[in-house]
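With compact mmCIF, C-alpha atoms inside, this is run-v4.txt:
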```
# COMPACT_ATOMS: atom_id res chain seq x y z
CA MET A 1 59.39 -85.71 -14.41
CA PRO A 2 59.33 -82.52 -12.27
CA GLU A 3 62.32 -81.99 -10.03
CA ARG A 4 61.82 -82.80 -6.38
CA LEU A 5 60.85 -79.72 -4.38
CA THR A 6 63.41 -78.66 -1.81
CA VAL A 7 62.56 -77.11 1.52
CA SER A 8 64.08 -73.77 0.49
CA ALA A 9 62.11 -73.72 -2.77
CA ALA A 10 58.93 -74.59 -0.89
CA ARG A 11 59.57 -71.76 1.57
CA ALA A 12 59.93 -69.36 -1.35
CA ARG A 13 56.65 -70.54 -2.85
CA ALA A 14 54.91 -70.32 0.51
CA ALA A 15 56.26 -66.80 0.96
CA ALA A 16 54.94 -65.81 -2.46
CA ALA A 17 51.53 -67.27 -1.61
CA TYR A 18 51.56 -65.45 1.71
CA ASP A 19 52.42 -62.13 0.10
CA ARG A 20 49.58 -62.57 -2.41
CA HIS A 21 46.88 -63.76 -0.04
CA ALA A 22 47.69 -62.68 3.51
CA THR A 23 45.32 -59.71 3.56
CA THR A 24 42.47 -61.84 2.22
CA TRP A 25 43.17 -64.55 4.79
CA ALA A 26 43.20 -61.92 7.55
CA THR A 27 39.90 -60.29 6.56
CA GLN A 28 37.85 -63.18 5.14
CA ARG A 29 38.45 -66.01 7.58
CA ALA A 30 35.16 -67.83 6.93
CA ALA A 31 35.59 -67.83 3.17
CA VAL A 32 38.97 -69.58 3.29
CA ALA A 33 38.49 -71.75 6.37
CA ASP A 34 37.83 -75.05 4.54
CA VAL A 35 40.62 -74.80 1.97
CA PRO A 36 44.29 -75.50 2.77
CA ALA A 37 46.18 -72.27 2.46
CA VAL A 38 49.09 -73.96 0.66
CA ASP A 39 49.18 -77.48 -0.80
CA LEU A 40 52.36 -78.36 -2.70
CA PRO A 41 53.41 -81.67 -4.27
CA LEU A 42 57.02 -82.44 -3.40
CA HIS A 43 57.66 -84.67 -6.43
CA PRO A 44 59.52 -87.48 -4.63
CA PRO A 45 62.15 -89.35 -6.65
CA THR A 46 61.70 -92.57 -8.56
CA GLU A 47 63.77 -95.66 -7.73
CA ARG A 48 66.07 -94.85 -10.65
CA HIS A 49 66.77 -91.39 -9.22
CA ALA A 50 67.31 -92.88 -5.78
CA LEU A 51 69.92 -95.23 -7.21
CA THR A 52 71.75 -92.65 -9.32
CA ASP A 53 71.72 -89.87 -6.71
CA THR A 54 71.51 -91.68 -3.40
CA ASP A 55 73.22 -89.01 -1.32
CA GLY A 56 71.09 -86.22 -2.81
CA VAL A 57 67.86 -88.11 -2.20
CA VAL A 58 68.79 -88.94 1.38
CA GLU A 59 69.73 -85.32 2.06
CA TRP A 60 66.44 -84.12 0.50
CA ALA A 61 64.28 -86.53 2.53
CA THR A 62 66.17 -85.75 5.73
CA ALA A 63 65.53 -82.03 5.27
CA TRP A 64 61.78 -82.65 5.05
CA ARG A 65 61.75 -84.67 8.28
CA GLY A 66 62.12 -81.38 10.15
CA VAL A 67 58.86 -80.03 8.71
CA ASP A 68 55.66 -81.03 10.52
CA ALA A 69 53.19 -80.31 7.72
CA VAL A 70 54.47 -83.02 5.37
CA THR A 71 52.50 -86.11 4.36
CA TRP A 72 54.61 -89.22 3.83
CA GLY A 73 54.12 -92.21 1.61
CA ARG A 74 55.74 -95.63 1.18
CA ARG A 75 57.52 -96.92 -1.87
CA ARG A 76 58.40 -100.61 -2.45
CA TRP A 77 61.40 -100.54 -4.71
CA THR A 78 63.00 -103.64 -6.20
CA ASN A 79 66.60 -102.77 -5.44
CA VAL A 80 66.41 -100.72 -2.25
CA GLY A 81 63.33 -102.16 -0.58
CA GLU A 82 60.57 -100.25 1.15
CA GLN A 83 61.24 -96.56 1.65
CA ARG A 84 59.28 -93.80 3.35
CA VAL A 85 59.30 -90.61 1.24
CA PRO A 86 57.79 -87.10 1.69
CA GLU A 87 54.96 -86.54 -0.79
CA ARG A 88 53.13 -83.27 -0.08
CA LEU A 89 53.41 -80.12 1.98
CA VAL A 90 49.98 -79.17 3.32
CA LEU A 91 49.80 -75.91 5.27
CA ARG A 92 46.19 -75.70 6.34
CA GLU A 93 46.12 -72.42 8.23
CA PRO A 94 47.44 -69.00 7.23
CA ALA A 95 49.46 -69.01 10.44
CA ASP A 96 51.15 -72.23 9.26
CA VAL A 97 52.05 -70.62 5.95
CA ALA A 98 53.38 -67.53 7.70
CA SER A 99 55.48 -69.57 10.10
CA PHE A 100 56.93 -71.80 7.37
CA ALA A 101 57.66 -68.78 5.16
CA GLY A 102 59.31 -66.77 7.91
CA ARG A 103 56.43 -64.29 8.11
CA GLY A 104 55.10 -65.32 11.51
CA ALA A 105 55.50 -61.95 13.24
CA HIS A 106 53.95 -60.17 10.28
CA TRP A 107 50.93 -62.49 10.32
CA ARG A 108 50.36 -62.12 14.03
CA ARG A 109 50.31 -58.34 13.74
CA LEU A 110 48.26 -58.27 10.52
CA SER A 111 45.60 -60.72 11.70
CA ALA A 112 45.27 -59.12 15.14
CA ARG A 113 44.90 -55.64 13.69
CA ALA A 114 42.48 -56.82 11.01
CA ASP A 115 40.27 -58.36 13.70
CA ASP A 116 40.58 -55.21 15.78
CA LEU A 117 39.68 -52.82 12.96
CA ILE A 118 36.76 -54.90 11.70
CA ALA A 119 35.39 -55.06 15.25
CA ALA A 120 35.79 -51.30 15.67
CA PHE A 121 34.65 -50.06 12.24
CA GLY A 122 32.51 -52.87 10.81
CA VAL A 123 32.88 -55.42 8.05
CA ASP A 124 33.56 -52.70 5.49
CA ALA A 125 36.89 -52.18 7.21
CA GLY A 126 38.05 -55.44 5.61
CA PRO A 127 38.74 -53.83 2.22
CA VAL A 128 40.47 -50.99 4.05
CA VAL A 129 42.85 -53.45 5.67
CA ARG A 130 43.57 -55.05 2.29
CA ARG A 131 44.21 -51.68 0.65
CA PHE A 132 46.34 -50.19 3.45
CA ALA A 133 47.89 -53.38 4.82
CA ARG A 134 51.47 -52.14 4.63
CA THR A 135 50.63 -48.89 6.44
CA ILE A 136 48.62 -50.69 9.12
CA VAL A 137 51.24 -53.36 9.79
CA ASP A 138 54.19 -50.97 9.72
CA LEU A 139 52.75 -48.71 12.43
CA ASP A 140 54.30 -49.24 15.82
CA ALA A 141 52.00 -49.89 18.76
CA VAL A 142 51.77 -46.21 19.73
CA ASP A 143 50.94 -44.94 16.25
CA TYR A 144 48.49 -47.79 15.68
CA ALA A 145 46.65 -46.82 18.87
CA ARG A 146 46.59 -43.22 17.63
CA LEU A 147 45.15 -44.36 14.29
CA VAL A 148 42.29 -46.19 15.98
CA ALA A 149 41.67 -43.31 18.39
CA VAL A 150 41.60 -40.65 15.66
CA ALA A 151 39.30 -42.63 13.37
CA SER A 152 37.01 -43.53 16.27
CA TRP A 153 36.75 -39.88 17.34
CA LEU A 154 35.90 -38.79 13.80
CA VAL A 155 33.22 -41.48 13.57
CA ALA A 156 31.72 -40.27 16.85
CA HIS A 157 31.95 -36.59 15.79
CA PRO A 158 31.07 -36.58 12.06
CA ASP A 159 30.53 -32.81 11.84
CA SER A 160 33.01 -31.52 14.38
CA GLY A 161 34.26 -28.57 12.34
CA ALA A 162 37.59 -28.99 14.12
CA TYR A 163 40.95 -28.21 12.60
CA ARG A 164 43.34 -31.16 12.40
CA ARG A 165 45.43 -29.53 15.11
CA GLU A 166 42.45 -29.73 17.46
CA LEU A 167 41.98 -33.50 17.31
CA PRO A 168 41.97 -34.62 20.96
CA VAL A 169 44.43 -37.50 20.61
CA ALA A 170 47.84 -37.23 22.25
CA GLY A 171 50.70 -37.14 19.76
CA VAL A 172 48.53 -36.40 16.73
CA ASP A 173 49.57 -33.21 14.98
CA THR A 174 48.93 -31.93 11.48
CA LYS A 175 51.97 -33.72 10.00
CA TRP A 176 51.02 -37.04 11.62
CA PHE A 177 47.47 -36.72 10.34
CA GLU A 178 48.41 -35.79 6.77
CA GLN A 179 50.80 -38.73 6.50
CA ARG A 180 47.98 -41.13 7.40
CA ARG A 181 44.96 -39.26 6.09
CA GLY A 182 44.18 -41.90 3.47
CA VAL A 183 43.76 -44.79 5.91
CA VAL A 184 41.96 -42.59 8.45
CA THR A 185 39.46 -41.44 5.82
CA ALA A 186 38.91 -45.01 4.61
CA LEU A 187 38.23 -46.31 8.13
CA VAL A 188 35.78 -43.50 8.85
CA ALA A 189 34.01 -44.17 5.54
CA ALA A 190 33.80 -47.89 6.40
CA ALA A 191 31.97 -47.05 9.61
CA THR A 192 29.81 -44.14 8.43
CA GLY A 193 29.42 -44.51 4.68
CA ARG A 194 30.75 -40.95 4.29
CA ASP A 195 34.05 -40.00 2.71
CA GLN A 196 34.05 -36.64 4.48
CA LEU A 197 35.72 -36.23 7.86
CA GLY A 198 33.79 -33.17 8.97
CA LEU A 199 37.01 -31.27 9.64
CA ARG A 200 37.56 -27.61 8.93
CA GLU A 201 40.22 -26.84 6.36
CA PRO A 202 42.48 -23.79 6.60
CA PRO A 203 41.26 -21.09 4.21
CA ARG A 204 42.83 -21.18 0.76
CA LEU A 205 44.61 -17.91 0.09
CA VAL A 206 44.67 -15.95 -3.14
CA ARG A 207 47.58 -13.61 -3.77
CA MET A 208 47.15 -10.26 -5.52
CA ARG A 209 49.53 -7.45 -6.46
CA ALA A 210 48.53 -3.87 -7.15
CA LEU A 211 50.46 -3.04 -10.32
CA ASP A 212 49.09 0.45 -9.83
CA ARG A 213 50.00 1.73 -6.35
CA GLY A 214 46.83 3.78 -6.30
CA LEU A 215 44.84 0.53 -6.11
CA ALA A 216 46.82 -0.98 -3.21
CA PRO A 217 44.40 -1.80 -0.35
CA SER A 218 45.48 0.18 2.74
CA GLY A 219 48.72 0.92 0.92
CA LEU A 220 49.70 -2.78 0.74
CA PRO A 221 50.76 -3.63 -2.82
CA ASP A 222 51.11 -7.40 -2.28
CA VAL A 223 48.36 -9.18 -0.34
CA SER A 224 47.45 -12.83 0.27
CA ALA A 225 44.03 -13.40 1.80
CA PRO A 226 41.02 -15.75 1.73
CA VAL A 227 38.67 -15.28 -1.20
CA ASP A 228 35.89 -13.77 0.92
CA ASP A 229 38.25 -11.17 2.36
CA LEU A 230 39.58 -10.18 -1.06
CA SER A 231 36.07 -10.03 -2.44
CA ALA A 232 35.13 -7.55 0.29
CA LEU A 233 37.76 -5.05 -0.90
CA SER A 234 36.65 -2.00 -2.85
CA VAL A 235 38.85 -2.34 -5.92
CA ARG A 236 38.06 -0.82 -9.30
CA ALA A 237 40.68 -2.21 -11.65
CA ARG A 238 41.05 -1.20 -15.28
CA VAL A 239 42.45 -4.66 -16.00
CA VAL A 240 43.10 -7.82 -13.96
CA VAL A 241 46.04 -9.96 -15.09
CA VAL A 242 45.81 -13.60 -13.97
CA VAL A 243 49.25 -15.22 -14.14
CA GLU A 244 50.05 -18.91 -13.67
CA ASN A 245 53.77 -18.74 -12.82
CA LEU A 246 54.82 -17.25 -9.46
CA GLN A 247 58.14 -15.83 -10.69
CA THR A 248 56.37 -14.11 -13.56
CA PHE A 249 53.70 -12.83 -11.16
CA VAL A 250 56.22 -11.12 -8.87
CA ALA A 251 58.18 -9.70 -11.83
CA LEU A 252 55.22 -7.99 -13.52
CA PRO A 253 55.94 -4.30 -14.12
CA ALA A 254 53.83 -1.34 -13.05
CA LEU A 255 50.62 -1.05 -15.04
CA SER A 256 48.15 1.81 -14.83
CA GLY A 257 44.88 0.58 -13.34
CA GLY A 258 46.24 -2.96 -13.18
CA ILE A 259 45.87 -5.71 -10.58
CA ALA A 260 47.72 -9.02 -10.89
CA VAL A 261 46.32 -12.22 -9.39
CA HIS A 262 48.35 -15.40 -8.99
CA GLY A 263 46.31 -18.14 -10.65
CA SER A 264 48.52 -21.18 -10.10
CA GLY A 265 47.01 -24.55 -10.91
CA TYR A 266 43.27 -24.62 -10.49
CA ALA A 267 43.11 -21.67 -8.08
CA VAL A 268 41.10 -20.01 -10.86
CA ASP A 269 37.96 -21.50 -9.33
CA ARG A 270 38.56 -19.31 -6.28
CA ILE A 271 39.50 -16.30 -8.37
CA GLY A 272 36.18 -16.53 -10.17
CA ARG A 273 34.39 -15.95 -6.86
CA ILE A 274 35.92 -12.48 -6.35
CA GLY A 275 33.30 -9.95 -7.43
CA TRP A 276 35.57 -7.08 -8.46
CA VAL A 277 37.67 -9.48 -10.53
CA ARG A 278 34.62 -10.65 -12.48
CA GLU A 279 33.54 -7.04 -13.08
CA ALA A 280 36.88 -5.98 -14.61
CA PRO A 281 38.41 -6.89 -17.97
CA ILE A 282 40.51 -10.02 -17.31
CA VAL A 283 43.65 -11.17 -19.10
CA TYR A 284 45.05 -14.66 -18.54
CA TRP A 285 48.68 -15.59 -19.13
CA GLY A 286 49.61 -19.22 -18.65
CA ASP A 287 52.09 -21.81 -19.86
CA PHE A 288 52.01 -23.21 -23.36
CA ASP A 289 50.90 -26.71 -22.37
CA ARG A 290 47.85 -28.85 -21.85
CA ASP A 291 47.38 -27.61 -18.28
CA GLY A 292 47.79 -23.94 -19.17
CA PHE A 293 45.00 -24.09 -21.73
CA ALA A 294 42.86 -26.23 -19.43
CA ILE A 295 43.13 -23.55 -16.73
CA LEU A 296 42.17 -20.87 -19.25
CA ASP A 297 39.18 -22.95 -20.33
CA ARG A 298 38.18 -23.39 -16.69
CA LEU A 299 38.56 -19.70 -15.84
CA ARG A 300 36.15 -18.85 -18.65
CA ALA A 301 33.52 -20.99 -16.92
CA HIS A 302 33.47 -18.27 -14.24
CA CYS A 303 34.49 -15.26 -16.32
CA PRO A 304 33.45 -15.82 -19.95
CA ASP A 305 35.09 -12.67 -21.35
CA VAL A 306 38.65 -13.56 -20.31
CA ARG A 307 41.18 -13.03 -23.08
CA SER A 308 44.57 -14.65 -23.25
CA VAL A 309 47.90 -12.96 -23.80
CA LEU A 310 51.26 -14.42 -24.89
CA MET A 311 49.61 -17.79 -25.57
CA ASP A 312 49.47 -17.47 -29.36
CA GLU A 313 51.07 -19.65 -32.01
CA GLU A 314 53.45 -16.89 -33.15
CA THR A 315 54.97 -16.60 -29.66
CA LEU A 316 55.20 -20.38 -29.40
CA LEU A 317 57.09 -20.72 -32.68
CA ALA A 318 59.39 -17.82 -31.83
CA HIS A 319 60.68 -19.76 -28.81
CA ARG A 320 61.03 -23.18 -30.43
CA GLU A 321 64.50 -23.79 -28.96
CA LEU A 322 63.02 -23.65 -25.44
CA TRP A 323 60.38 -26.34 -25.91
CA VAL A 324 60.46 -29.43 -23.71
CA ALA A 325 58.35 -32.58 -23.57
CA ASP A 326 55.01 -32.18 -21.78
CA PRO A 327 54.52 -35.12 -19.35
CA ASN A 328 50.76 -34.45 -19.33
CA ALA A 329 50.35 -34.15 -23.09
CA ALA A 330 48.49 -37.48 -23.35
CA THR A 331 45.99 -36.62 -20.61
CA PRO A 332 42.54 -36.32 -22.23
CA PHE A 333 41.29 -32.73 -22.48
CA THR A 334 38.35 -31.52 -24.54
CA PRO A 335 38.24 -27.71 -24.43
CA THR A 336 34.85 -26.05 -24.79
CA ARG A 337 35.69 -22.38 -24.22
CA LEU A 338 38.90 -21.73 -26.18
CA THR A 339 38.97 -19.38 -29.15
CA GLY A 340 39.91 -20.59 -32.60
CA GLY A 341 43.43 -19.20 -32.26
CA GLU A 342 43.91 -20.81 -28.86
CA ARG A 343 42.76 -24.15 -30.21
CA ARG A 344 45.25 -23.90 -33.06
CA THR A 345 48.05 -23.24 -30.57
CA LEU A 346 46.95 -26.19 -28.45
CA ASP A 347 46.83 -28.39 -31.56
CA ALA A 348 50.31 -27.20 -32.53
CA LEU A 349 51.70 -28.39 -29.19
CA ALA A 350 50.37 -31.87 -29.97
CA ALA A 351 51.46 -31.75 -33.61
CA PHE A 352 55.05 -31.03 -32.60
CA GLY A 353 55.15 -34.17 -30.47
CA GLY A 354 53.49 -33.17 -27.21
CA VAL A 355 55.71 -30.25 -26.24
CA ARG A 356 55.36 -27.44 -23.73
CA LEU A 357 56.81 -23.99 -23.23
CA GLU A 358 56.78 -22.47 -19.77
CA GLN A 359 55.93 -18.79 -19.60
CA GLU A 360 59.02 -18.20 -17.44
CA ARG A 361 61.19 -19.14 -20.45
CA LEU A 362 59.77 -16.46 -22.73
CA ALA A 363 62.12 -13.60 -23.60
CA TRP A 364 61.29 -10.87 -21.10
CA PRO A 365 61.49 -7.95 -23.58
CA HIS A 366 58.97 -9.80 -25.75
CA CYS A 367 56.69 -10.17 -22.71
CA LEU A 368 57.00 -6.52 -21.67
CA ALA A 369 56.07 -5.38 -25.16
CA ALA A 370 52.88 -7.44 -25.02
CA LEU A 371 52.00 -6.27 -21.51
CA GLU A 372 52.42 -2.60 -22.42
CA GLY A 373 49.44 -2.93 -24.72
CA LEU A 374 47.03 -4.02 -22.00
```

Take the structure from the file and write it as structure tokens.
Amino acid sequence: MPERLTVSAARARAAAAYDRHATTWATQRAAVADVPAVDLPLHPPTERHALTDTDGVVEWATAWRGVDAVTWGRRRWTNVGEQRVPERLVLREPADVASFAGRGAHWRRLSARADDLIAAFGVDAGPVVRRFARTIVDLDAVDYARLVAVASWLVAHPDSGAYRRELPVAGVDTKWFEQRRGVVTALVAAATGRDQLGLREPPRLVRMRALDRGLAPSGLPDVSAPVDDLSALSVRARVVVVVENLQTFVALPALSGGIAVHGSGYAVDRIGRIGWVREAPIVYWGDFDRDGFAILDRLRAHCPDVRSVLMDEETLLAHRELWVADPNAATPFTPTRLTGGERRTLDALAAFGGVRLEQERLAWPHCLAALEGL
């Protein structure tokens, strides 16, 4: 026979049910209205248990007398006569579950804000509340009001072209917005069906270095500027070296007719839009890893004649003691623009257990010797 359910154990089970279902209860009231939120059998004792553990049974029953949502039944026992025992705990409303589980304040805030957001942004805000419940509930009253005000303004001005700093809500700055961008975007999408906020983003900068001082624009050898501004420069490079690692980029030596461009991550999409870069011979130097070869493959989508340097199997094997595990090695990647030699190097990384070799770890004399031949 199951052990009788104590009040503390029932509270724990109610709390678990609340944690699982509270957001659904708050956003789908009609769907759950006719079903008790929590219905637990208390497994009252038999007469034998009452006789062998009288004090424990009395203490257990007494504890349940302080709980309103209990249904009671009568037992006619041969030796102890008629007894009234607690049989079930039936918490019909989510608020009852929350109160019993010690989550009353949480429920009041969650349910009120769910109602508020659904009224303001439509029924599609329900899934937003479920997804971002912790964020929404944890906001204090001031920040919650800011959230509603920002999302409402963006709904009313879908193509504002404003920078985040220009949002006309007191206390909302760029940091505040970025910390809550996910829930803001989701609320706006719930109301408009669009996942775009209509805001203007700061221009992404591309950094270039003139490895030949004669090519430095206005005498500036190191320039960071938006793509359109760089593209407008009159630069006639003999070779453009695209480098993934910043420390390597700044350490590159002088090179006749050379321009270096910092191609970190997937900035290569922007680099491919610079006309004078596309017109020059391009050399790419990235890390020995899945991402390094993926960036090379992607750069060739814009500049098909790019050749790689210091990404060959011989260089990889010469630095075996510097290999480390590649955390992204298992990420699917099907290259379509790598040469046969580059594919063999990529396959070698996998064959040796998913390793990587950062370009910054390569012996610098070895690198300089390769760069002198450009």

Closest atom pairs, segment 228-248 of chain A residues within 8 Å of segment 208-216 of chain A, all atoms listed in the file, as JSON lines:
```
{"residue": "A:Val235", "atom": "CA", "partner": "A:Leu215", "partner_atom": "CA", "distance": 6.6}
{"residue": "A:Arg236", "atom": "CA", "partner": "A:Leu215", "partner_atom": "CA", "distance": 7.6}
{"residue": "A:Ala237", "atom": "CA", "partner": "A:Leu215", "partner_atom": "CA", "distance": 7.5}
```

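Going from atom CA of Val324 of chain A over to atom CA of Ile295 of chain A, you cover 19.6 Å.
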
* Would you kindly return, as a PyMOL selection string, each protein, DNA or RNA residue with an atom no farther than 6 Å from any atom of segment 352-358 of chain A, considering only C-alpha atoms and excluding same-chain residues fewer than 4 positions away? => chain A and resi 287-289+323-326+329

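Using only C-alpha atoms, the nearest neighbour of Glu201 of chain A within the list A:Thr345, A:Ser160, A:Thr339, A:Ser234 is A:Ser160.
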
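Distance-wise, atom CA of Gly272 of chain A and atom CA of His302 of chain A end up 5.2 Å apart.
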
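Using all atoms listed in the file, the residues found no farther than 10 Å from Ala15 of chain A, other than those of its own chain fewer than 4 positions away, are A:Ala9, A:Ala10, A:Arg11, A:Asp19, A:Arg20, A:His21, A:Ala22, A:Val97, A:Ala98, A:Ser99, A:Phe100, A:Ala101, A:Gly102, A:Arg103.
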
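All polymer residues at most 10 Å from (51.0, -40.2, 13.2), using all atoms listed in the file, appear as Leu139, Asp140, Val142, Asp143, Tyr144, Ala145, Arg146, Leu147, Val150, Gly171, Val172, Asp173, Thr174, Lys175, Trp176, Phe177, Glu178, Gln179, Arg180 and Arg181 of chain A.
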
* **Length of the atom CA of Gly56 of chain A to atom CA of Ala12 of chain A vector [Å]** => 20.3 Å

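Shortest separation to Ile282 of chain A among A:Val183, A:Ala251, A:Leu374, A:Leu220 occurs at residue A:Leu374, atoms counted being all atoms listed in the file.
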
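Considering all atoms listed in the file, the residue among A:Leu346, A:Leu317, A:Arg4, A:Gln359 positioned nearest to Asn245 of chain A is A:Gln359.
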
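For the choices A:Ala156, A:Val306, A:Pro203, A:Ala350, the atom-to-atom distance to Val241 of chain A is smallest for A:Val306 when using only C-alpha atoms.
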